>>> print(open('data.pdb').read())   # PDB, C-alpha atoms, pLDDT in the B column
ATOM      1  CA  MET D   2       0.000   0.000   0.000  1.00 53.00           C
ATOM      2  CA  LEU D   3       2.800   2.456   0.920  1.00 49.00           C
ATOM      3  CA  THR D   4       4.677   1.662  -2.305  1.00 57.00           C
ATOM      4  CA  ASN D   5       1.589   2.529  -4.391  1.00 58.00           C
ATOM      5  CA  CYS D   6       1.262   5.832  -2.550  1.00 53.00           C
ATOM      6  CA  LYS D   7       4.884   6.797  -3.296  1.00 53.00           C
ATOM      7  CA  ARG D   8       4.480   5.847  -6.951  1.00 56.00           C
ATOM      8  CA  TRP D   9       1.301   7.950  -7.183  1.00 51.00           C
ATOM      9  CA  LEU D  10       3.112  10.994  -5.718  1.00 52.00           C
ATOM     10  CA  LEU D  11       6.048  10.633  -8.108  1.00 55.00           C
ATOM     11  CA  LEU D  12       3.970  10.128 -11.236  1.00 59.00           C
ATOM     12  CA  ASN D  13       1.056  12.475 -10.574  1.00 57.00           C
ATOM     13  CA  PRO D  14       1.606  15.950 -12.137  1.00 57.00           C
ATOM     14  CA  ALA D  15      -0.977  17.484  -9.787  1.00 57.00           C
ATOM     15  CA  ALA D  16       1.149  16.400  -6.803  1.00 54.00           C
ATOM     16  CA  LEU D  17       4.491  17.374  -8.373  1.00 52.00           C
ATOM     17  CA  PHE D  18       3.521  20.901  -9.422  1.00 55.00           C
ATOM     18  CA  PRO D  19       3.166  22.422  -5.915  1.00 57.00           C
ATOM     19  CA  VAL D  20       6.415  20.779  -4.788  1.00 53.00           C
ATOM     20  CA  THR D  21       8.255  22.134  -7.851  1.00 53.00           C
ATOM     21  CA  VAL D  22       6.911  25.657  -7.284  1.00 48.00           C
ATOM     22  CA  VAL D  23       7.939  25.667  -3.613  1.00 49.00           C
ATOM     23  CA  LEU D  24      11.449  24.414  -4.426  1.00 46.00           C
ATOM     24  CA  ALA D  25      11.883  27.008  -7.172  1.00 46.00           C
ATOM     25  CA  LEU D  26      10.810  29.839  -4.845  1.00 43.00           C
ATOM     26  CA  LEU D  27      13.162  28.681  -2.112  1.00 44.00           C
ATOM     27  CA  LEU D  28      16.122  28.475  -4.476  1.00 43.00           C
ATOM     28  CA  THR D  29      15.540  31.925  -5.978  1.00 44.00           C
ATOM     29  CA  GLY D  30      15.149  33.367  -2.480  1.00 45.00           C
ATOM     30  CA  CYS D  31      18.697  32.282  -1.615  1.00 48.00           C
ATOM     31  CA  ALA D  32      20.326  34.761  -3.979  1.00 51.00           C
ATOM     32  CA  THR D  33      20.909  38.383  -2.981  1.00 55.00           C
ATOM     33  CA  PRO D  34      19.044  40.616  -5.426  1.00 60.00           C
ATOM     34  CA  ASN D  35      21.232  43.223  -7.098  1.00 66.00           C
ATOM     35  CA  PRO D  36      19.496  46.327  -8.443  1.00 68.00           C
ATOM     36  CA  PHE D  37      22.293  47.019 -10.961  1.00 74.00           C
ATOM     37  CA  ASP D  38      22.952  45.103 -14.169  1.00 75.00           C
ATOM     38  CA  VAL D  39      26.741  45.378 -14.286  1.00 78.00           C
ATOM     39  CA  SER D  40      29.231  43.117 -16.067  1.00 78.00           C
ATOM     40  CA  PRO D  41      31.637  41.391 -13.631  1.00 71.00           C
ATOM     41  CA  GLY D  42      34.745  43.333 -14.723  1.00 77.00           C
ATOM     42  CA  GLN D  43      32.979  46.676 -14.251  1.00 85.00           C
ATOM     43  CA  ALA D  44      31.360  45.817 -10.909  1.00 89.00           C
ATOM     44  CA  ALA D  45      32.605  46.579  -7.423  1.00 92.00           C
ATOM     45  CA  THR D  46      31.382  44.370  -4.578  1.00 91.00           C
ATOM     46  CA  LEU D  47      29.923  45.461  -1.242  1.00 92.00           C
ATOM     47  CA  GLU D  48      30.030  42.755   1.446  1.00 92.00           C
ATOM     48  CA  ASN D  49      28.003  42.952   4.650  1.00 90.00           C
ATOM     49  CA  THR D  50      30.261  41.813   7.485  1.00 91.00           C
ATOM     50  CA  TYR D  51      30.433  41.275  11.219  1.00 89.00           C
ATOM     51  CA  LEU D  52      33.257  40.749  13.680  1.00 89.00           C
ATOM     52  CA  SER D  53      34.050  40.601  17.372  1.00 87.00           C
ATOM     53  CA  LYS D  54      36.674  42.816  18.989  1.00 86.00           C
ATOM     54  CA  GLN D  55      37.490  42.603  22.697  1.00 85.00           C
ATOM     55  CA  GLY D  56      34.144  40.951  23.502  1.00 86.00           C
ATOM     56  CA  ALA D  57      32.085  43.508  21.556  1.00 88.00           C
ATOM     57  CA  TYR D  58      30.093  42.724  18.388  1.00 90.00           C
ATOM     58  CA  TYR D  59      30.257  44.929  15.291  1.00 91.00           C
ATOM     59  CA  GLY D  60      27.985  44.387  12.287  1.00 90.00           C
ATOM     60  CA  TYR D  61      28.222  46.429   9.083  1.00 93.00           C
ATOM     61  CA  PHE D  62      25.280  46.411   6.674  1.00 91.00           C
ATOM     62  CA  PHE D  63      24.960  48.293   3.384  1.00 90.00           C
ATOM     63  CA  ARG D  64      21.444  49.737   3.000  1.00 89.00           C
ATOM     64  CA  ALA D  65      21.436  51.916  -0.117  1.00 87.00           C
ATOM     65  CA  VAL D  66      23.607  53.180  -2.961  1.00 87.00           C
ATOM     66  CA  ASP D  67      23.413  56.736  -4.240  1.00 82.00           C
ATOM     67  CA  ARG D  68      24.025  56.435  -7.975  1.00 71.00           C
ATOM     68  CA  GLN D  69      25.545  59.888  -8.411  1.00 71.00           C
ATOM     69  CA  ALA D  70      26.890  60.543  -4.877  1.00 67.00           C
ATOM     70  CA  THR D  71      24.578  63.559  -4.600  1.00 67.00           C
ATOM     71  CA  GLY D  72      22.503  62.332  -1.650  1.00 68.00           C
ATOM     72  CA  LYS D  73      19.359  62.303  -3.828  1.00 73.00           C
ATOM     73  CA  ASP D  74      19.280  59.202  -6.073  1.00 73.00           C
ATOM     74  CA  PHE D  75      19.193  56.146  -3.806  1.00 78.00           C
ATOM     75  CA  VAL D  76      18.698  52.495  -4.712  1.00 80.00           C
ATOM     76  CA  SER D  77      17.817  50.214  -1.796  1.00 79.00           C
ATOM     77  CA  LEU D  78      19.999  47.200  -0.953  1.00 79.00           C
ATOM     78  CA  ARG D  79      18.299  44.288   0.802  1.00 71.00           C
ATOM     79  CA  PRO D  80      19.316  40.629   1.097  1.00 64.00           C
ATOM     80  CA  GLY D  81      17.306  37.848  -0.570  1.00 61.00           C
ATOM     81  CA  LEU D  82      14.453  36.102   1.208  1.00 58.00           C
ATOM     82  CA  MET D  83      16.624  33.216   2.402  1.00 51.00           C
ATOM     83  CA  THR D  84      19.943  35.101   2.760  1.00 56.00           C
ATOM     84  CA  ALA D  85      21.208  36.081   6.192  1.00 61.00           C
ATOM     85  CA  GLU D  86      21.685  39.839   6.236  1.00 69.00           C
ATOM     86  CA  ARG D  87      25.207  39.577   7.577  1.00 67.00           C
ATOM     87  CA  GLU D  88      26.191  37.404   4.586  1.00 73.00           C
ATOM     88  CA  ALA D  89      24.678  39.558   1.837  1.00 81.00           C
ATOM     89  CA  VAL D  90      26.897  40.659  -1.060  1.00 84.00           C
ATOM     90  CA  TYR D  91      25.944  43.356  -3.598  1.00 86.00           C
ATOM     91  CA  THR D  92      27.486  44.346  -6.921  1.00 88.00           C
ATOM     92  CA  ILE D  93      27.478  48.022  -7.839  1.00 89.00           C
ATOM     93  CA  PRO D  94      28.814  49.960 -10.820  1.00 89.00           C
ATOM     94  CA  ALA D  95      32.337  51.343 -10.490  1.00 91.00           C
ATOM     95  CA  GLY D  96      32.638  55.091  -9.970  1.00 90.00           C
ATOM     96  CA  ARG D  97      31.961  57.673  -7.291  1.00 91.00           C
ATOM     97  CA  ARG D  98      29.188  56.373  -5.045  1.00 90.00           C
ATOM     98  CA  GLY D  99      27.438  57.437  -1.893  1.00 92.00           C
ATOM     99  CA  ILE D 100      26.571  54.582   0.448  1.00 92.00           C
ATOM    100  CA  LYS D 101      24.182  54.392   3.378  1.00 92.00           C
ATOM    101  CA  ILE D 102      25.716  51.973   5.865  1.00 93.00           C
ATOM    102  CA  VAL D 103      24.446  50.734   9.229  1.00 91.00           C
ATOM    103  CA  MET D 104      26.762  49.727  12.058  1.00 92.00           C
ATOM    104  CA  VAL D 105      25.359  47.586  14.860  1.00 89.00           C
ATOM    105  CA  TYR D 106      27.459  47.759  18.009  1.00 90.00           C
ATOM    106  CA  ALA D 107      26.864  45.519  21.020  1.00 88.00           C
ATOM    107  CA  PRO D 108      29.468  46.326  23.697  1.00 86.00           C
ATOM    108  CA  ASP D 109      28.835  43.126  25.675  1.00 83.00           C
ATOM    109  CA  GLY D 110      28.403  40.838  22.665  1.00 79.00           C
ATOM    110  CA  VAL D 111      25.132  39.653  21.201  1.00 72.00           C
ATOM    111  CA  GLY D 112      22.565  38.038  23.442  1.00 67.00           C
ATOM    112  CA  ALA D 113      19.149  38.346  25.010  1.00 59.00           C
ATOM    113  CA  PHE D 114      18.612  41.578  26.939  1.00 64.00           C
ATOM    114  CA  LYS D 115      21.998  43.047  25.992  1.00 71.00           C
ATOM    115  CA  PRO D 116      21.952  46.594  24.597  1.00 71.00           C
ATOM    116  CA  GLN D 117      22.652  47.116  20.924  1.00 81.00           C
ATOM    117  CA  PHE D 118      23.344  50.467  19.332  1.00 85.00           C
ATOM    118  CA  HIS D 119      22.294  50.968  15.705  1.00 87.00           C
ATOM    119  CA  MET D 120      24.108  53.768  13.892  1.00 91.00           C
ATOM    120  CA  TRP D 121      23.970  54.767  10.253  1.00 91.00           C
ATOM    121  CA  GLY D 122      26.014  57.071   8.118  1.00 92.00           C
ATOM    122  CA  TYR D 123      26.371  58.324   4.551  1.00 92.00           C
ATOM    123  CA  VAL D 124      29.836  57.594   3.164  1.00 94.00           C
ATOM    124  CA  VAL D 125      31.181  58.648  -0.269  1.00 94.00           C
ATOM    125  CA  PHE D 126      33.981  56.733  -2.006  1.00 95.00           C
ATOM    126  CA  ASP D 127      35.310  55.809  -5.451  1.00 95.00           C
ATOM    127  CA  ALA D 128      34.349  52.202  -6.215  1.00 94.00           C
ATOM    128  CA  ILE D 129      36.816  50.381  -8.484  1.00 94.00           C
ATOM    129  CA  GLY D 130      35.642  47.511 -10.708  1.00 93.00           C
ATOM    130  CA  GLY D 131      36.804  44.116  -9.472  1.00 92.00           C
ATOM    131  CA  GLN D 132      37.409  45.348  -5.901  1.00 95.00           C
ATOM    132  CA  LYS D 133      35.577  44.221  -2.738  1.00 95.00           C
ATOM    133  CA  TYR D 134      34.562  46.646  -0.011  1.00 96.00           C
ATOM    134  CA  GLN D 135      33.405  46.289   3.599  1.00 96.00           C
ATOM    135  CA  GLY D 136      32.097  48.642   6.223  1.00 95.00           C
ATOM    136  CA  ARG D 137      34.197  49.372   9.283  1.00 95.00           C
ATOM    137  CA  GLY D 138      33.836  51.526  12.356  1.00 93.00           C
ATOM    138  CA  GLN D 139      34.901  52.158  15.882  1.00 90.00           C
ATOM    139  CA  VAL D 140      33.238  53.171  19.107  1.00 90.00           C
ATOM    140  CA  SER D 141      35.179  54.821  21.882  1.00 86.00           C
ATOM    141  CA  GLY D 142      33.242  56.111  24.869  1.00 83.00           C
ATOM    142  CA  ASP D 143      30.388  58.177  23.471  1.00 82.00           C
ATOM    143  CA  LYS D 144      31.999  58.751  20.048  1.00 88.00           C
ATOM    144  CA  ALA D 145      31.611  56.596  16.945  1.00 91.00           C
ATOM    145  CA  LEU D 146      32.951  56.670  13.381  1.00 94.00           C
ATOM    146  CA  ILE D 147      32.025  54.693  10.254  1.00 96.00           C
ATOM    147  CA  TRP D 148      34.029  54.252   7.028  1.00 97.00           C
ATOM    148  CA  ILE D 149      34.621  51.846   4.121  1.00 97.00           C
ATOM    149  CA  GLU D 150      37.718  49.691   3.567  1.00 97.00           C
ATOM    150  CA  ASP D 151      38.864  47.646   0.587  1.00 96.00           C
ATOM    151  CA  GLU D 152      39.640  43.926   0.815  1.00 94.00           C
ATOM    152  CA  ARG D 153      43.223  44.664   1.913  1.00 96.00           C
ATOM    153  CA  GLY D 154      42.019  46.671   4.912  1.00 95.00           C
ATOM    154  CA  LYS D 155      42.893  50.068   3.405  1.00 97.00           C
ATOM    155  CA  ARG D 156      40.449  52.869   4.220  1.00 97.00           C
ATOM    156  CA  VAL D 157      38.937  54.207   0.973  1.00 97.00           C
ATOM    157  CA  SER D 158      36.493  56.767   2.382  1.00 95.00           C
ATOM    158  CA  ASP D 159      36.465  59.520   4.941  1.00 95.00           C
ATOM    159  CA  LYS D 160      35.486  58.579   8.481  1.00 95.00           C
ATOM    160  CA  VAL D 161      32.018  59.942   9.225  1.00 95.00           C
ATOM    161  CA  VAL D 162      30.148  60.469  12.475  1.00 93.00           C
ATOM    162  CA  PRO D 163      26.994  58.334  12.291  1.00 92.00           C
ATOM    163  CA  PHE D 164      23.464  59.069  13.428  1.00 89.00           C
ATOM    164  CA  LEU D 165      22.581  56.966  16.465  1.00 75.00           C
ATOM    165  CA  ASN D 166      19.491  54.892  17.152  1.00 65.00           C
ATOM    166  CA  VAL D 167      19.471  52.990  20.446  1.00 54.00           C
ATOM    167  CA  LYS D 168      17.609  49.713  20.332  1.00 52.00           C
ATOM    168  CA  MET D 169      17.194  47.190  23.114  1.00 45.00           C
ATOM    169  CA  ILE D 170      16.821  43.621  21.907  1.00 43.00           C
TER
END
>>> encode(input="data.pdb", output="structure tokens")
Amino acid sequence: MLTNCKRWLLLNPAALFPVTVVLALLLTGCATPNPFDVSPGQAATLENTYLSKQGAYYGYFFRAVDRQATGKDFVSLRPGLMTAEREAVYTIPAGRRGIKIVMVYAPDGVGAFKPQFHMWGYVVFDAIGGQKYQGRGQVSGDKALIWIEDERGKRVSDKVVPFLNVKMI
């Protein structure tokens, strides 16, 4: 009886269609959507990152790209449905770009009932095709700075003072 049931599921198009649709949606949700259609050699890469330093957690998340670095022409950056935000990667056209970046800072590490500070800033830099970029920042006392570094750890933007949102999680 069980063998007939399995055979019916495998051979019945009405049973296979919903399974196929669900699998297709899950697989397409794994990719990070990129709002720019840029050839690989002309694209720069923005990588969301996180790290721990001296027991504190730092997360850096790209939120939007200003196409002309004027502060007026933003394209939103969001990870795919099934992509963890901290692992999202975006390709952007090379050239002068303004970037909205969020830094999450948890001085005591991440955990239930520990304070987290959410800061965001607008950083301008010259993106070079084929290069990878990450957000970086520092918090010292009541002062914070955010900037962008290339894959070698070289700062490629000015350090900016972010706007602060305090969030308890």
>>> closest_residue(input="data.pdb", among="D:Tyr51, D:Trp121, D:Phe164, D:Phe126", to="Gln69 (chain D)", atoms="only C-alpha atoms")
D:Phe126
>>> atom_distance(input="data.pdb", atom1="CA of Leu146 (chain D)", atom2="CA of Asp127 (chain D)")
19.0 Å
>>> atom_distance(input="data.pdb", atom1="CA of Val105 (chain D)", atom2="CA of Ile93 (chain D)")
22.8 Å
>>> residues_around(input="data.pdb", residues="region 129-134 of chain D", least_positions_apart="2", cutoff="10 Å", atoms="all atoms listed in the file", output="VMD selection string")
chain D and resid 39 to 50 90 to 97 126 to 127 136 to 137 149 to 157
>>> closest_residue(input="data.pdb", among="D:Pro116, D:Gly60, D:Pro108, D:Gly122", to="Glu88 (chain D)", atoms="all atoms listed in the file")
D:Gly60
>>> closest_residue(input="data.pdb", among="D:Lys144, D:Lys73, D:Arg79, D:Lys160", to="Val124 (chain D)", atoms="all atoms listed in the file")
D:Lys160
>>> atom_distance(input="data.pdb", atom1="CA of Tyr59 (chain D)", atom2="CA of Phe75 (chain D)")
24.8 Å
>>> resolve_selection(input="data.pdb", expression="the PyMOL selection byres ((chain D and resi 66) around 9)", output="count of residues only")
17
>>> residues_around(input="data.pdb", residues="Gly110 (chain D)", least_positions_apart="6", cutoff="6 Å", atoms="all atoms listed in the file", output="ChimeraX atom specification")
/D:56-58
>>> axis_aligned_box(input="data.pdb", around="region 147-160 of chain D", padding_each_side="8 Å", output="JSON")
{"center_x": 37.6, "center_y": 51.7, "center_z": 5.4, "size_x": 27.2, "size_y": 31.6, "size_z": 25.7}
>>> closest_residue(input="data.pdb", among="D:Ala128, D:Met104, D:Val111, D:Asp38", to="Val161 (chain D)", atoms="all atoms listed in the file")
D:Met104
>>> decode(input="data.pdb", residues="region 155-167 of chain D", atoms="N, CA and C atoms", output="compact mmCIF listing (two decimals), in the first residue's frame")
# COMPACT_ATOMS: atom_id res chain seq x y z
N LYS D 155 42.54 48.66 3.60
CA LYS D 155 42.89 50.07 3.41
C LYS D 155 41.61 50.91 3.40
N ARG D 156 41.61 51.98 4.18
CA ARG D 156 40.45 52.87 4.22
C ARG D 156 40.34 53.61 2.89
N VAL D 157 39.14 53.58 2.28
CA VAL D 157 38.94 54.21 0.97
C VAL D 157 37.92 55.35 1.03
N SER D 158 37.44 55.66 2.23
CA SER D 158 36.49 56.77 2.38
C SER D 158 36.90 57.60 3.60
N ASP D 159 36.29 58.74 3.72
CA ASP D 159 36.46 59.52 4.94
C ASP D 159 35.76 58.79 6.08
N LYS D 160 36.19 59.06 7.30
CA LYS D 160 35.49 58.58 8.48
C LYS D 160 34.37 59.58 8.77
N VAL D 161 33.16 59.06 8.96
CA VAL D 161 32.02 59.94 9.23
C VAL D 161 31.41 59.62 10.59
N VAL D 162 30.85 60.64 11.21
CA VAL D 162 30.15 60.47 12.48
C VAL D 162 28.73 60.01 12.14
N PRO D 163 28.33 58.85 12.64
CA PRO D 163 26.99 58.33 12.29
C PRO D 163 25.88 58.94 13.13
N PHE D 164 24.66 58.76 12.65
CA PHE D 164 23.46 59.07 13.43
C PHE D 164 23.19 57.86 14.29
N LEU D 165 22.74 58.06 15.52
CA LEU D 165 22.58 56.97 16.46
C LEU D 165 21.12 56.68 16.73
N ASN D 166 20.77 55.39 16.69
CA ASN D 166 19.49 54.89 17.15
C ASN D 166 19.79 53.85 18.22
N VAL D 167 19.25 53.98 19.40
CA VAL D 167 19.47 52.99 20.45
C VAL D 167 18.31 52.01 20.42
